[in-house]
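Only one structure is covered here, and it is reproduced in the block below.
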Amino acid sequence: MNAPGSNPLHTLTASAAHRQLPYAVRLEWGLDGARTVTSGADLAVVVDILSFSTCVSVALDRGAVVFPFPWKDTGAEGFAAHHGAQLAGPRDGGGLSLSPASIRAAPSLERVVLPSPNGSALCHELAGEVTLVAAVSLRNAAATADWVAANLPEDAVIAVIAAGERWPDGTLRPAVEDQIGAGAFIAGLVAAGKGGYEPEDGRHGYSPEAVAALAVFEAAEPRLREMLHGCSSGRELAGAGYAADVDIAAELDDSGVVALLVDGAFSPR
């Protein structure tokens with residue numbers, strides 16, 4: 001951190017360092033982090049495990065189209081009507097909501113507007129800044145990594161954004177479930193050969209932030225469901241009666257559907 005009155009050159013250098021420019025696979029947190037590391041990125045990967053990314057995955061498995069939208073935006077109802085879509089509400093509103101279980105149980109699901117304070121807002125914001133945006137959950141982490149390896153150039157820059165949660169004052173709360181989910185996707189990239197891997201030299205092209213997330217996933221994977229239920233966000237959901245949402249979020253690689261944001265919507269592909 002720069003002290004007050006520090007040399008402007010040092011400020012510029014620190015800003016450049018935070019962009020993780022030497023690396024093809026980067027990782028940061030929240031909207032400010034996304035704006036920092038998506039410079040020159042070919043793909044932004046938004047990870048919001050509890051629950052936006054998981055909701056998108058479940059909806060796409062059902063063949064639905066999902067429109068991300070900012071949270072508590074008064075234009076949501078009009079936007080949904082314009083697109084002939086159902087508007088998902090907060091969990092405590094009943095019916096279709098930001099709950100993977102509600103999306104899985106919906107009697108019909110074709111087009112849905114899915115606001116959320118973190119993952120959805122990030123996707124909506126990044127849509128105009130990055131060529132491609134993907135929503136990644138634990139359910140489709142490997143499938144998305146395989147898609148990247150098969151469809152993007154070897155030197156493509158991937159910016160992974162862990163959405164995190166919010167403290168009561170609105171500031172970012174880093175959430176371990178999103179670090180685990182980001183690490184699952186990064187593990188898939190490594191397995192698919194993205195960036196190359198030399199045991200004696202380490203993972204070429206992966207920022208230390210990305211490698212740290214990978215290590216967190218590798219540590220969590222043997223007891224993934226327990227970790228999600230035991231973390232702060234999981235306990236909060238279970239305490240509010242939504243333990244089933246945590247179970248769905250823990251369905252590692254159960255989906256082969258890749259969630260890419262095209263023309264403002266995620267659709268099955």
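Scheme for the structure tokens: letters A, B, ... for chains in order shown; per-chain residue numbers from 1; ligand numbers from 1 in order shown.
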
task: Compile the contact shell of Gly128 in chain A as a PyMOL selection string: residues with an atom at most 12 Å away, counting only C-alpha atoms, same-chain residues fewer than 6 positions apart removed.
output: chain A and resi 35+38+44+122+261-264

Using only C-alpha atoms, which residues of range 26-50 of chain A come within 12 Å of range 242-255 of chain A, and what is the closest atom pair for each, with the distance in Å to one decimal? Give it as JSON lines, sorted by chain and residue number.
```
{"residue": "A:Val47", "atom": "CA", "partner": "A:Ala249", "partner_atom": "CA", "distance": 11.6}
{"residue": "A:Asp48", "atom": "CA", "partner": "A:Ala249", "partner_atom": "CA", "distance": 9.9}
{"residue": "A:Ile49", "atom": "CA", "partner": "A:Ala249", "partner_atom": "CA", "distance": 6.3}
{"residue": "A:Leu50", "atom": "CA", "partner": "A:Ala249", "partner_atom": "CA", "distance": 6.8}
```

query: Could you pull the residues within 10 Å of range 140-147 of chain A, counting only C-alpha atoms, minus those fewer than 3 positions along the same chain, as number ranges by chain?
result: A: 45, 47, 53-54, 57-58, 134-137, 150-152, 181-194, 251-260

task: For Ala213 in chain A, please output as a ChimeraX atom specification all residues within 7 Å (counting only C-alpha atoms; exclusion window: fewer than 2 positions along the same chain).
output: /A:179-180,182-183,209-211,215-217

- request: Could you give me the residues within range 104-241 of chain A that DSSP places in helix (DSSP H, G or I), as a PyMOL selection string?
  value: chain A and resi 104-105+119-126+141-151+176-192+208-230+232-239

query: With only C-alpha atoms as the basis for distance, which of A:Val56, A:Val176, A:Leu224, A:Ala16 is at the shortest distance from Arg111 in chain A?
result: A:Val56

List as a PDB file with N, CA and C atoms, in the first residue's frame the protein and nucleic acid residues near Ser267 in chain A, meaning an atom at most 7 Å away when only C-alpha atoms are counted, but skip any in the same chain fewer than 6 places from it.
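And here is the file that came out, selection.pdb:
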```pdb
ATOM      1  N   LEU A  60     -29.616 -23.843 -16.729  1.00  0.00           N
ATOM      2  CA  LEU A  60     -29.179 -24.244 -18.072  1.00  0.00           C
ATOM      3  C   LEU A  60     -29.318 -25.747 -18.269  1.00  0.00           C
ATOM      4  N   ALA A  64     -33.103 -23.734 -19.861  1.00  0.00           N
ATOM      5  CA  ALA A  64     -33.585 -22.360 -19.740  1.00  0.00           C
ATOM      6  C   ALA A  64     -32.515 -21.358 -20.167  1.00  0.00           C
ATOM      7  N   VAL A  65     -32.965 -20.142 -20.438  1.00  0.00           N
ATOM      8  CA  VAL A  65     -32.098 -19.001 -20.718  1.00  0.00           C
ATOM      9  C   VAL A  65     -32.117 -18.101 -19.495  1.00  0.00           C
ATOM     10  N   VAL A  66     -30.934 -17.618 -19.069  1.00  0.00           N
ATOM     11  CA  VAL A  66     -30.825 -16.812 -17.862  1.00  0.00           C
ATOM     12  C   VAL A  66     -30.248 -15.442 -18.197  1.00  0.00           C
ATOM     13  N   ALA A 259     -21.731 -22.210 -19.307  1.00  0.00           N
ATOM     14  CA  ALA A 259     -22.569 -21.004 -19.224  1.00  0.00           C
ATOM     15  C   ALA A 259     -21.793 -19.802 -19.747  1.00  0.00           C
TER      16      ALA A 259
END
```

- prompt: Could you pull the residues within 6 Å of Val113 in chain A, counting only C-alpha atoms, minus those fewer than 3 positions along the same chain, as a list in words?
  reply: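 Residues near the query, excluding close chain neighbours: Val66, Phe67, Ala80 and Leu87 of chain A.
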
query: Using only C-alpha atoms, which residue out of A:Glu221, A:Pro115, A:Tyr23, A:Gly95 lies closest to Thr74 in chain A?
result: A:Pro115

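If you look at CA of Gly63 in chain A and CA of Arg225 in chain A, they are 26.0 Å away from each other.
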
message: Using Å and a single decimal, report how far CA of Met227 in chain A sits from CA of Ser207 in chain A.
response: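 Those two atoms sit 24.7 Å apart.
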